[in-house]
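Enquirer: As input, take target34.cif (mmCIF, C-alpha atoms and all ligand atoms):
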data_input
#
loop_
_atom_site.label_atom_id
_atom_site.label_comp_id
_atom_site.auth_asym_id
_atom_site.auth_seq_id
_atom_site.Cartn_x
_atom_site.Cartn_y
_atom_site.Cartn_z
CA MET D 295 0.00 0.00 0.00
CA LYS D 296 1.30 3.43 -0.94
CA SER D 297 0.40 6.48 1.15
CA ASP D 298 1.40 10.13 1.41
CA PHE D 299 4.36 10.84 3.71
CA GLY D 300 4.52 14.60 3.17
CA THR D 301 6.56 16.99 1.06
CA THR D 302 10.26 17.84 1.34
CA ALA D 303 11.56 21.40 1.72
CA LYS D 304 12.40 21.21 -2.00
CA GLY D 305 8.76 20.37 -2.81
CA GLU D 306 9.23 16.66 -3.61
CA SER D 307 6.25 14.43 -2.74
CA VAL D 308 7.26 11.56 -0.52
CA ALA D 309 5.51 8.20 -0.40
CA LEU D 310 5.36 5.59 2.33
CA TYR D 311 5.12 1.93 1.25
CA THR D 312 3.47 -0.42 3.74
CA LEU D 313 4.13 -4.16 3.51
CA LYS D 314 2.18 -6.81 5.43
CA ASN D 315 2.63 -10.51 6.04
CA ARG D 316 0.33 -13.42 6.96
CA ASN D 317 1.15 -13.25 10.67
CA GLY D 318 0.07 -9.68 11.29
CA MET D 319 3.45 -7.97 10.90
CA GLU D 320 3.68 -4.69 9.02
CA ILE D 321 6.62 -2.55 7.96
CA ALA D 322 6.78 0.83 6.23
CA VAL D 323 9.54 2.24 4.02
CA SER D 324 9.76 5.75 2.58
CA ASP D 325 11.17 6.67 -0.83
CA TYR D 326 12.86 9.61 0.91
CA GLY D 327 16.15 8.09 2.14
CA ALA D 328 15.07 4.44 1.62
CA ILE D 329 14.24 4.70 5.32
CA LEU D 330 12.66 1.92 7.41
CA VAL D 331 9.98 4.03 9.11
CA LYS D 332 7.94 1.40 10.97
CA VAL D 333 8.28 -2.21 12.08
CA MET D 334 5.02 -3.38 13.65
CA VAL D 335 5.24 -6.69 15.51
CA PRO D 336 2.52 -8.38 17.57
CA ASP D 337 3.32 -8.73 21.27
CA ARG D 338 2.39 -11.86 23.25
CA ASP D 339 -1.18 -10.53 23.66
CA GLY D 340 -1.59 -9.73 19.97
CA ASN D 341 -1.19 -5.93 20.24
CA LEU D 342 0.81 -4.44 17.38
CA ILE D 343 3.96 -2.74 18.72
CA ASP D 344 6.13 -0.42 16.62
CA VAL D 345 9.67 -1.49 17.54
CA VAL D 346 11.71 1.19 15.71
CA LEU D 347 12.30 4.85 16.53
CA GLY D 348 11.32 7.39 13.90
CA TYR D 349 9.24 10.41 12.95
CA ASP D 350 5.64 10.91 11.82
CA ASP D 351 6.43 12.39 8.42
CA VAL D 352 9.24 13.35 6.09
CA LYS D 353 9.77 16.71 7.81
CA GLY D 354 11.06 14.88 10.90
CA TYR D 355 13.48 12.83 8.79
CA GLU D 356 14.72 15.95 6.95
CA LYS D 357 15.55 17.65 10.26
CA GLY D 358 16.78 14.55 12.12
CA THR D 359 20.48 13.96 12.61
CA LEU D 360 20.37 10.53 14.28
CA TYR D 361 19.88 8.32 11.16
CA PHE D 362 16.62 6.74 12.38
CA GLY D 363 15.91 3.78 10.04
CA ALA D 364 18.37 5.20 7.51
CA THR D 365 20.03 3.54 4.57
CA VAL D 366 23.63 4.65 5.11
CA GLY D 367 26.31 4.94 2.39
CA ARG D 368 28.56 5.17 0.49
CA VAL D 369 30.57 4.08 3.52
CA ALA D 370 28.82 3.49 6.83
CA ASN D 371 30.69 4.25 10.06
CA ARG D 372 34.00 6.11 10.17
CA ILE D 373 36.87 6.84 7.82
CA GLY D 374 39.72 8.19 9.93
CA GLY D 375 41.01 11.64 8.96
CA GLY D 376 38.26 12.10 6.35
CA ALA D 377 40.51 10.96 3.49
CA PHE D 378 41.82 7.79 1.90
CA GLU D 379 44.05 6.63 -0.92
CA LEU D 380 43.00 4.34 -3.71
CA ASN D 381 45.10 3.40 -6.76
CA GLY D 382 47.61 6.11 -5.81
CA GLU D 383 45.05 8.94 -5.68
CA THR D 384 44.01 10.72 -2.50
CA TYR D 385 40.30 11.32 -2.00
CA THR D 386 39.06 13.91 0.47
CA LEU D 387 35.69 13.58 2.16
CA THR D 388 33.72 15.83 4.51
CA GLN D 389 34.80 15.68 8.14
CA ASN D 390 31.52 15.50 10.03
CA ASP D 391 32.59 13.64 13.18
CA ASN D 392 35.66 15.25 14.76
CA ARG D 393 38.28 15.02 11.99
CA ASN D 394 36.66 11.91 10.56
CA THR D 395 33.95 11.04 8.06
CA LEU D 396 30.86 9.38 9.53
CA HIS D 397 28.18 7.60 7.47
CA GLY D 398 29.31 8.99 4.10
CA GLY D 399 29.86 12.63 5.03
CA THR D 400 27.34 15.45 5.07
CA ASP D 401 25.58 14.73 1.76
CA TYR D 402 23.78 11.71 3.23
CA TYR D 403 22.06 9.01 1.19
CA ASP D 404 19.16 9.10 3.65
CA LYS D 405 18.46 12.77 2.88
CA ARG D 406 17.79 12.14 -0.83
CA MET D 407 14.87 10.89 -2.86
CA TRP D 408 15.26 7.30 -4.00
CA LYS D 409 13.42 5.93 -7.02
CA VAL D 410 10.95 3.13 -6.37
CA GLU D 411 11.46 0.52 -9.08
CA GLU D 412 8.96 -2.06 -7.90
CA ALA D 413 6.56 -2.34 -5.00
CA ASP D 414 3.87 -4.77 -3.87
CA ASP D 415 2.52 -6.01 -0.51
CA ARG D 416 5.69 -7.98 0.24
CA HIS D 417 8.55 -5.93 -1.09
CA VAL D 418 9.75 -2.54 -2.23
CA SER D 419 12.81 -1.99 -4.37
CA LEU D 420 14.53 1.41 -4.29
CA ALA D 421 17.30 2.78 -6.49
CA LEU D 422 19.82 5.59 -6.11
CA HIS D 423 22.32 6.85 -8.66
CA SER D 424 25.43 8.08 -6.84
CA PRO D 425 27.57 9.99 -9.36
CA ASP D 426 31.36 10.01 -9.74
CA GLY D 427 32.76 12.25 -6.99
CA ASP D 428 29.62 11.97 -4.83
CA GLN D 429 30.57 12.74 -1.18
CA GLY D 430 34.16 12.76 -2.49
CA PHE D 431 34.21 9.07 -3.52
CA PRO D 432 35.43 8.01 -6.98
CA GLY D 433 33.26 6.23 -9.54
CA ALA D 434 29.57 6.44 -10.31
CA VAL D 435 27.51 3.67 -8.78
CA ASP D 436 23.92 2.54 -9.16
CA ILE D 437 22.65 1.28 -5.84
CA LYS D 438 19.61 -0.85 -5.24
CA VAL D 439 18.09 -1.62 -1.84
CA VAL D 440 15.25 -4.15 -1.62
CA TYR D 441 13.14 -4.48 1.52
CA THR D 442 11.11 -7.70 1.80
CA LEU D 443 8.74 -8.78 4.57
CA THR D 444 8.47 -12.57 4.55
CA ASP D 445 5.95 -14.96 6.12
CA ASP D 446 8.82 -16.14 8.33
CA ASN D 447 8.61 -12.67 9.94
CA GLU D 448 11.86 -11.53 8.41
CA VAL D 449 12.57 -7.94 7.44
CA LYS D 450 15.09 -8.70 4.72
CA ILE D 451 17.28 -5.91 3.34
CA GLN D 452 19.27 -6.71 0.20
CA TYR D 453 21.88 -4.36 -1.22
CA HIS D 454 23.14 -4.49 -4.80
CA ALA D 455 25.57 -2.13 -6.49
CA VAL D 456 28.05 -2.15 -9.37
CA PRO D 457 30.53 0.77 -9.49
CA GLU D 458 31.86 2.13 -12.79
CA ALA D 459 35.32 2.69 -11.27
CA ASP D 460 37.16 1.29 -8.25
CA THR D 461 35.57 2.72 -5.12
CA LEU D 462 34.53 2.00 -1.53
CA LEU D 463 31.13 0.61 -0.58
CA ASN D 464 29.81 -0.25 2.86
CA LEU D 465 26.04 0.11 3.04
CA THR D 466 24.04 -0.50 6.17
CA ASN D 467 20.71 0.11 7.84
CA HIS D 468 20.67 2.30 10.93
CA SER D 469 17.37 1.26 12.55
CA TYR D 470 17.05 1.90 16.28
CA PHE D 471 15.22 -1.01 17.93
CA ASN D 472 13.26 -0.97 21.16
CA LEU D 473 11.37 -4.26 21.45
CA SER D 474 9.06 -2.90 24.15
CA GLY D 475 7.89 -0.21 21.72
CA HIS D 476 9.50 2.90 20.26
CA GLY D 477 8.20 5.21 23.00
CA SER D 478 8.59 2.85 25.96
CA GLY D 479 11.72 4.28 27.62
CA ASN D 480 15.20 2.85 27.98
CA ILE D 481 16.34 -0.55 26.75
CA LEU D 482 18.63 -1.37 29.68
CA GLU D 483 16.56 -4.35 30.82
CA GLN D 484 16.19 -5.79 27.34
CA GLU D 485 18.60 -8.62 26.62
CA VAL D 486 21.11 -8.99 23.82
CA MET D 487 23.28 -11.77 22.46
CA ILE D 488 26.07 -11.10 19.95
CA CYS D 489 27.75 -13.88 17.95
CA GLY D 490 31.21 -12.35 18.19
CA ASP D 491 34.21 -13.44 20.27
CA ALA D 492 36.02 -10.12 19.75
CA TYR D 493 35.46 -6.44 19.06
CA ALA D 494 37.60 -3.79 17.39
CA ARG D 495 39.45 -1.63 19.92
CA ALA D 496 38.82 2.04 19.13
CA ASP D 497 39.99 5.43 20.38
CA ALA D 498 37.97 8.33 21.83
CA GLU D 499 36.88 9.27 18.27
CA SER D 500 35.76 5.66 17.67
CA ILE D 501 38.55 5.00 15.16
CA PRO D 502 39.80 1.40 15.46
CA SER D 503 43.45 0.78 16.29
CA GLY D 504 43.37 -2.30 14.10
CA GLU D 505 43.53 -4.60 17.10
CA LEU D 506 40.79 -7.08 18.01
CA VAL D 507 40.10 -7.64 21.70
CA TYR D 508 38.59 -10.89 22.97
CA VAL D 509 35.33 -10.23 24.85
CA GLU D 510 35.87 -13.02 27.37
CA GLY D 511 35.97 -11.66 30.91
CA THR D 512 34.95 -8.14 29.82
CA PRO D 513 31.64 -6.21 29.81
CA MET D 514 31.71 -6.61 26.01
CA ASP D 515 30.90 -10.32 26.38
CA PHE D 516 27.44 -10.89 24.90
CA ARG D 517 28.11 -14.47 23.79
CA SER D 518 25.29 -15.50 26.15
CA ARG D 519 22.27 -13.27 26.44
CA LYS D 520 22.33 -10.64 29.17
CA PRO D 521 20.57 -7.35 29.92
CA ILE D 522 22.10 -4.46 27.97
CA GLY D 523 22.32 -2.41 31.17
CA ARG D 524 24.03 -5.02 33.33
CA GLU D 525 27.58 -3.75 32.73
CA ILE D 526 27.08 -0.67 30.56
CA GLU D 527 28.40 1.63 33.31
CA ALA D 528 31.37 -0.60 34.17
CA ALA D 529 34.78 1.02 34.59
CA TYR D 530 36.08 -0.41 31.32
CA GLU D 531 38.02 1.73 28.87
CA ALA D 532 35.99 0.86 25.75
CA LEU D 533 32.70 1.68 27.47
CA GLU D 534 34.07 4.93 28.87
CA LEU D 535 35.39 6.03 25.48
CA GLY D 536 32.16 5.05 23.69
CA GLN D 537 29.92 6.39 26.48
CA GLY D 538 28.26 2.98 26.41
CA TYR D 539 28.23 0.32 23.71
CA ASP D 540 29.24 1.82 20.35
CA HIS D 541 31.67 -0.72 18.96
CA ASN D 542 32.18 -2.98 16.03
CA TRP D 543 32.03 -6.67 16.82
CA ALA D 544 33.96 -9.14 14.71
CA LEU D 545 31.23 -11.65 13.94
CA ASN D 546 32.15 -15.32 14.23
CA GLY D 547 32.26 -17.39 11.06
CA SER D 548 31.65 -16.21 7.53
CA GLY D 549 28.87 -16.27 4.98
CA TYR D 550 25.25 -15.78 5.89
CA ARG D 551 24.84 -16.53 9.61
CA GLN D 552 23.34 -15.21 12.80
CA ALA D 553 24.95 -12.03 14.14
CA ALA D 554 22.87 -11.12 17.19
CA ALA D 555 19.55 -11.34 19.01
CA MET D 556 17.53 -9.05 21.27
CA TRP D 557 14.62 -9.78 23.64
CA SER D 558 12.00 -7.83 25.55
CA GLU D 559 10.49 -9.61 28.53
CA GLN D 560 7.76 -6.96 28.64
CA THR D 561 6.29 -7.70 25.19
CA GLY D 562 7.66 -11.19 24.54
CA ILE D 563 9.15 -9.90 21.26
CA GLU D 564 12.44 -11.39 20.12
CA MET D 565 14.58 -10.25 17.19
CA LYS D 566 17.36 -12.21 15.51
CA VAL D 567 19.86 -10.48 13.24
CA TYR D 568 21.53 -12.30 10.32
CA THR D 569 24.09 -11.04 7.83
CA ASP D 570 26.81 -12.13 5.43
CA LEU D 571 29.12 -9.24 6.45
CA PRO D 572 32.15 -9.60 8.77
CA GLY D 573 31.23 -6.94 11.35
CA MET D 574 28.40 -5.32 13.24
CA GLN D 575 28.31 -2.03 15.11
CA PHE D 576 26.27 -2.46 18.29
CA TYR D 577 25.25 1.05 19.37
CA THR D 578 23.04 1.68 22.38
CA GLY D 579 21.75 5.16 21.53
CA ASN D 580 24.19 6.85 23.91
CA PHE D 581 23.93 10.15 22.05
CA ILE D 582 20.12 10.52 21.83
CA VAL D 583 19.10 13.69 23.67
CA SER D 584 15.41 14.60 23.89
CA GLU D 585 14.41 13.85 20.29
CA SER D 586 10.73 14.36 19.37
CA GLY D 587 9.61 11.31 17.45
CA LYS D 588 6.55 9.38 16.30
CA GLU D 589 3.15 9.84 17.95
CA GLY D 590 4.37 12.46 20.44
CA ALA D 591 7.13 10.26 21.88
CA VAL D 592 10.27 12.03 23.10
CA TYR D 593 13.29 9.75 22.86
CA GLY D 594 16.26 9.97 25.22
CA LYS D 595 19.61 8.35 25.92
CA ARG D 596 19.72 4.54 25.57
CA GLN D 597 16.12 4.16 24.49
CA ALA D 598 17.06 1.95 21.52
CA ALA D 599 19.84 -0.20 20.09
CA CYS D 600 21.26 -0.39 16.57
CA PHE D 601 22.68 -3.53 14.97
CA GLU D 602 24.53 -2.16 11.95
CA SER D 603 25.96 -4.94 9.79
CA GLN D 604 29.06 -3.75 7.92
CA TYR D 605 32.73 -3.97 7.05
CA PHE D 606 34.75 -2.77 10.04
CA PRO D 607 35.10 0.99 10.57
CA ASP D 608 38.12 2.55 8.88
CA ALA D 609 38.81 -0.72 7.04
CA VAL D 610 40.28 1.30 4.16
CA HIS D 611 43.20 2.23 6.44
CA LYS D 612 43.67 -1.18 8.03
CA GLU D 613 45.38 -3.94 6.06
CA GLN D 614 44.04 -6.60 8.42
CA PHE D 615 40.36 -5.60 7.98
CA GLU D 616 38.44 -6.94 5.00
CA GLY D 617 36.84 -4.55 2.46
CA PRO D 618 35.45 -2.09 1.59
CA VAL D 619 37.11 -1.63 -1.83
CA VAL D 620 34.89 -2.70 -4.72
CA ARG D 621 36.51 -2.83 -8.15
CA ALA D 622 35.03 -1.39 -11.34
CA GLY D 623 32.29 -3.64 -12.72
CA GLU D 624 32.37 -5.94 -9.68
CA SER D 625 29.09 -6.57 -8.02
CA TYR D 626 28.57 -5.68 -4.37
CA ASP D 627 25.78 -7.83 -2.90
CA THR D 628 24.98 -8.17 0.77
CA VAL D 629 21.97 -9.04 2.86
CA THR D 630 20.87 -8.34 6.43
CA VAL D 631 17.77 -9.82 8.05
CA TYR D 632 15.93 -8.77 11.21
CA GLN D 633 13.67 -11.70 12.10
CA PHE D 634 10.93 -11.43 14.71
CA SER D 635 9.00 -13.80 16.94
CA TRP D 636 6.75 -13.29 19.94
CA LYS D 637 5.52 -15.45 22.78
C1 LIG O 1 27.87 5.43 15.47
C2 LIG O 1 27.65 6.34 16.65
C3 LIG O 1 26.88 7.53 16.18
C4 LIG O 1 25.59 7.05 15.59
C5 LIG O 1 24.82 8.20 15.01
C6 LIG O 1 26.54 4.99 14.96
O1 LIG O 1 26.70 4.18 13.86
O2 LIG O 1 28.68 4.34 15.81
O3 LIG O 1 28.88 6.77 17.20
O4 LIG O 1 26.65 8.45 17.20
O5 LIG O 1 25.83 6.14 14.56
O6 LIG O 1 23.51 8.15 15.37
#
Taking this structure as input, can you express it in the form of structure tokens?
Expert:
Amino acid sequence: MKSDFGTTAKGESVALYTLKNRNGMEIAVSDYGAILVKVMVPDRDGNLIDVVLGYDDVKGYEKGTLYFGATVGRVANRIGGGAFELNGETYTLTQNDNRNTLHGGTDYYDKRMWKVEEADDRHVSLALHSPDGDQGFPGAVDIKVVYTLTDDNEVKIQYHAVPEADTLLNLTNHSYFNLSGHGSGNILEQEVMICGDAYARADAESIPSGELVYVEGTPMDFRSRKPIGREIEAAYEALELGQGYDHNWALNGSGYRQAAAMWSEQTGIEMKVYTDLPGMQFYTGNFIVSESGKEGAVYGKRQAACFESQYFPDAVHKEQFEGPVVRAGESYDTVTVYQFSWK
């Protein structure tokens, strides 16, 4: 179903696409930013709960600076120093996070109109042409993002892109999940499990040193499920520097596999995250400050968690990290799934 989602400051009409499945789940995606606006999941009593933070219309998304539900590119997370070298050339990007580039630099993919190529009750396919030099990156690239809602209660996000010249690509989705409902307060009692034995050590600007640290015996150990808040205030350097969890986990294994899970005791809603990428930024909304969102909700610190599948931050400067260089004509294909259940 297609509905009106408002008009941008430039006068573009924005549409919201609602998908539904057989089990009562619903999601909504806007053609502004290829943003995941709503994820409605039944709780154990059959009430539909919206488990992602967001805004009521496009005006909120135009003003917002927190990347609610955003499709992030060309390179999600940070590039240290806001510059990189490729094939002997130096490319300069915008420095929008200290001296570094965060989530592509200021000309964000989630602040542009995407073109809907196909849409029905189960999927919506969105396209963006990113020209040569866009955000400072070399090579034009046509990007496609397909959202599918399956009868297995999966929100599946597939990314496909083929650059015309060698470039960097690291696309992710920046949804903020609160499985007790988007306006229900903090997520500290909700539980998380992360399928990663190590995380990337990072400095005060969240730039990795290149070293992986084993989680065993540290507050970063989510190999068994535990409440997010149990150790978030621990006197542990990584947590102090990140002001909570805001780190990239090295996911165990390779290929398409489970990356994480999250539970709310209050609603009985569980989410499992799957991806084929090597890393995942687990971010606990440490920097949300009084943000007016959907249906009159005002969101604050640690009221949601992001599970951003990706190549490791600053991989372009770290020999030991895989990606994110994609060669001319090569196809970049990745998938991330958020799968829900309730009981
Ligand atoms: C980053 C956080 C940042 C947030 C922006 C996350 O991907 O790791 O440091 O504040 O995005 O909302």
Enquirer: Show me a table, sorted first by chain and then by increasing residue number, of the residues of chain D having an atom at most 6 Å from ligand LIG 1 (chain O), each with its shortest atom pair and the distance in Å to one decimal, counting only C-alpha atoms and all ligand atoms and written as a tab-separated table.
Expert:
residue	atom	partner	partner_atom	distance
D:Leu360	CA	O:LIG1	O6	4.1
D:Tyr361	CA	O:LIG1	O6	5.6
D:Asn371	CA	O:LIG1	O1	5.5
D:Asp540	CA	O:LIG1	O2	5.2
D:Tyr577	CA	O:LIG1	O2	5.9
D:Phe581	CA	O:LIG1	O4	5.8
Enquirer: In terms of the shortest atom-to-atom distance over only C-alpha atoms, which of D:Gly475, D:Gly430, D:Gly490, D:Gly523 is closest to D:Val509?
Expert: D:Gly490
Enquirer: For D:Met295, list every protein, DNA or RNA residue within 10 Å, evaluated using all atoms listed in the file, and leave out those in the same chain fewer than 3 positions away; present the list as a list of chain:residue names.
Expert: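 Once the nearby chain positions are removed, what remains is D:Ala309, D:Leu310, D:Tyr311, D:Thr312, D:Leu313, D:Lys314, D:Ala322, D:Ala413, D:Asp414, D:Asp415, D:Arg416.
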Enquirer: Between atom CA of D:Gly477 and atom CA of D:Val592, what is the spacing in Å?
Expert: 7.1 Å
Enquirer: Which residue is closest to D:Ser324? Choose from D:Leu482, D:Leu396, D:Ile488, D:Val418 and count all atoms listed in the file.
Expert: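 Ranked by minimum distance to D:Ser324, first place goes to D:Val418.
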Enquirer: So how far away is atom CA of D:Trp636 from atom CA of D:Asp446, in Å?
Expert: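 About the pair atom CA of D:Asp446 and atom CA of D:Trp636: they are 12.1 Å apart.
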Enquirer: Would you place a box with edges along x, y and z of the file around all atoms of stretch 339-351 of chain D listed there, add 8 Å to each of its six sides, and report the centre and edge lengths in Å to one decimal, as AutoDock Vina command-line options?
Expert:
--center_x 5.4 --center_y 0.9 --center_z 16.0 --size_x 29.9 --size_y 38.9 --size_z 31.2
Enquirer: Name the residues in contact with D:Gln560 at a cut-off of 9 Å, using only C-alpha atoms, excluding same-chain residues fewer than 3 positions from it; report them as a list in words.
Expert: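 Result of the neighbour search: Asp337, Leu473, Ser474, Gln484, Trp557 and Ile563 of chain D.
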Enquirer: Stretch 305-307 of chain D: which residues within 10 Å, counting all atoms listed in the file, same-chain residues fewer than 3 positions away excluded, as a list in words?
Expert: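 So the residues in contact are Asp298, Phe299, Gly300, Thr301, Thr302, Asp325, Tyr326, Val352 and Met407 of chain D.
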Enquirer: Of the candidates D:Ser603, D:Ser478, D:Thr359, D:Asn580, which shows the shortest atom-to-atom distance to D:Ser558, using only C-alpha atoms?
Expert: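 That would be D:Ser478, the residue with the smallest distance to D:Ser558.
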Enquirer: With stretch 448-458 of chain D as the partner and 6 Å as the cut-off, tabulate the residues of stretch 522-637 of chain D that qualify, each row holding the nearest pair of atoms and their distance in Å to one decimal, using all atoms listed in the file, sorted by chain and rising number, as JSON lines.
Expert:
{"residue": "D:Ala622", "atom": "CA", "partner": "D:Glu458", "partner_atom": "CA", "distance": 5.0}
{"residue": "D:Gly623", "atom": "CA", "partner": "D:Val456", "partner_atom": "CA", "distance": 5.6}
{"residue": "D:Glu624", "atom": "CA", "partner": "D:Val456", "partner_atom": "CA", "distance": 5.8}
{"residue": "D:Ser625", "atom": "CA", "partner": "D:Val456", "partner_atom": "CA", "distance": 4.7}
{"residue": "D:Tyr626", "atom": "CA", "partner": "D:Ala455", "partner_atom": "CA", "distance": 5.1}
{"residue": "D:Asp627", "atom": "CA", "partner": "D:His454", "partner_atom": "CA", "distance": 4.7}
{"residue": "D:Thr628", "atom": "CA", "partner": "D:Tyr453", "partner_atom": "CA", "distance": 5.3}
{"residue": "D:Val629", "atom": "CA", "partner": "D:Gln452", "partner_atom": "CA", "distance": 4.4}
{"residue": "D:Thr630", "atom": "CA", "partner": "D:Ile451", "partner_atom": "CA", "distance": 5.3}
{"residue": "D:Val631", "atom": "CA", "partner": "D:Lys450", "partner_atom": "CA", "distance": 4.4}
{"residue": "D:Tyr632", "atom": "CA", "partner": "D:Val449", "partner_atom": "CA", "distance": 5.1}
{"residue": "D:Gln633", "atom": "CA", "partner": "D:Glu448", "partner_atom": "CA", "distance": 4.1}
Enquirer: Using 8 Å as the limit and counting only C-alpha atoms, can you tabulate each residue of stretch 489-571 of chain D that touches stretch 604-616 of chain D, with its shortest atom-to-atom distance in Å and the two atoms involved, as CSV?
Expert:
residue,atom,partner,partner_atom,distance
D:Ala494,CA,D:Phe606,CA,7.9
D:Ile501,CA,D:Asp608,CA,6.8
D:Pro502,CA,D:Pro607,CA,6.8
D:Gly504,CA,D:Lys612,CA,6.2
D:Asn542,CA,D:Phe606,CA,6.5
D:Ala544,CA,D:Phe606,CA,7.9
D:Leu571,CA,D:Gln604,CA,5.7
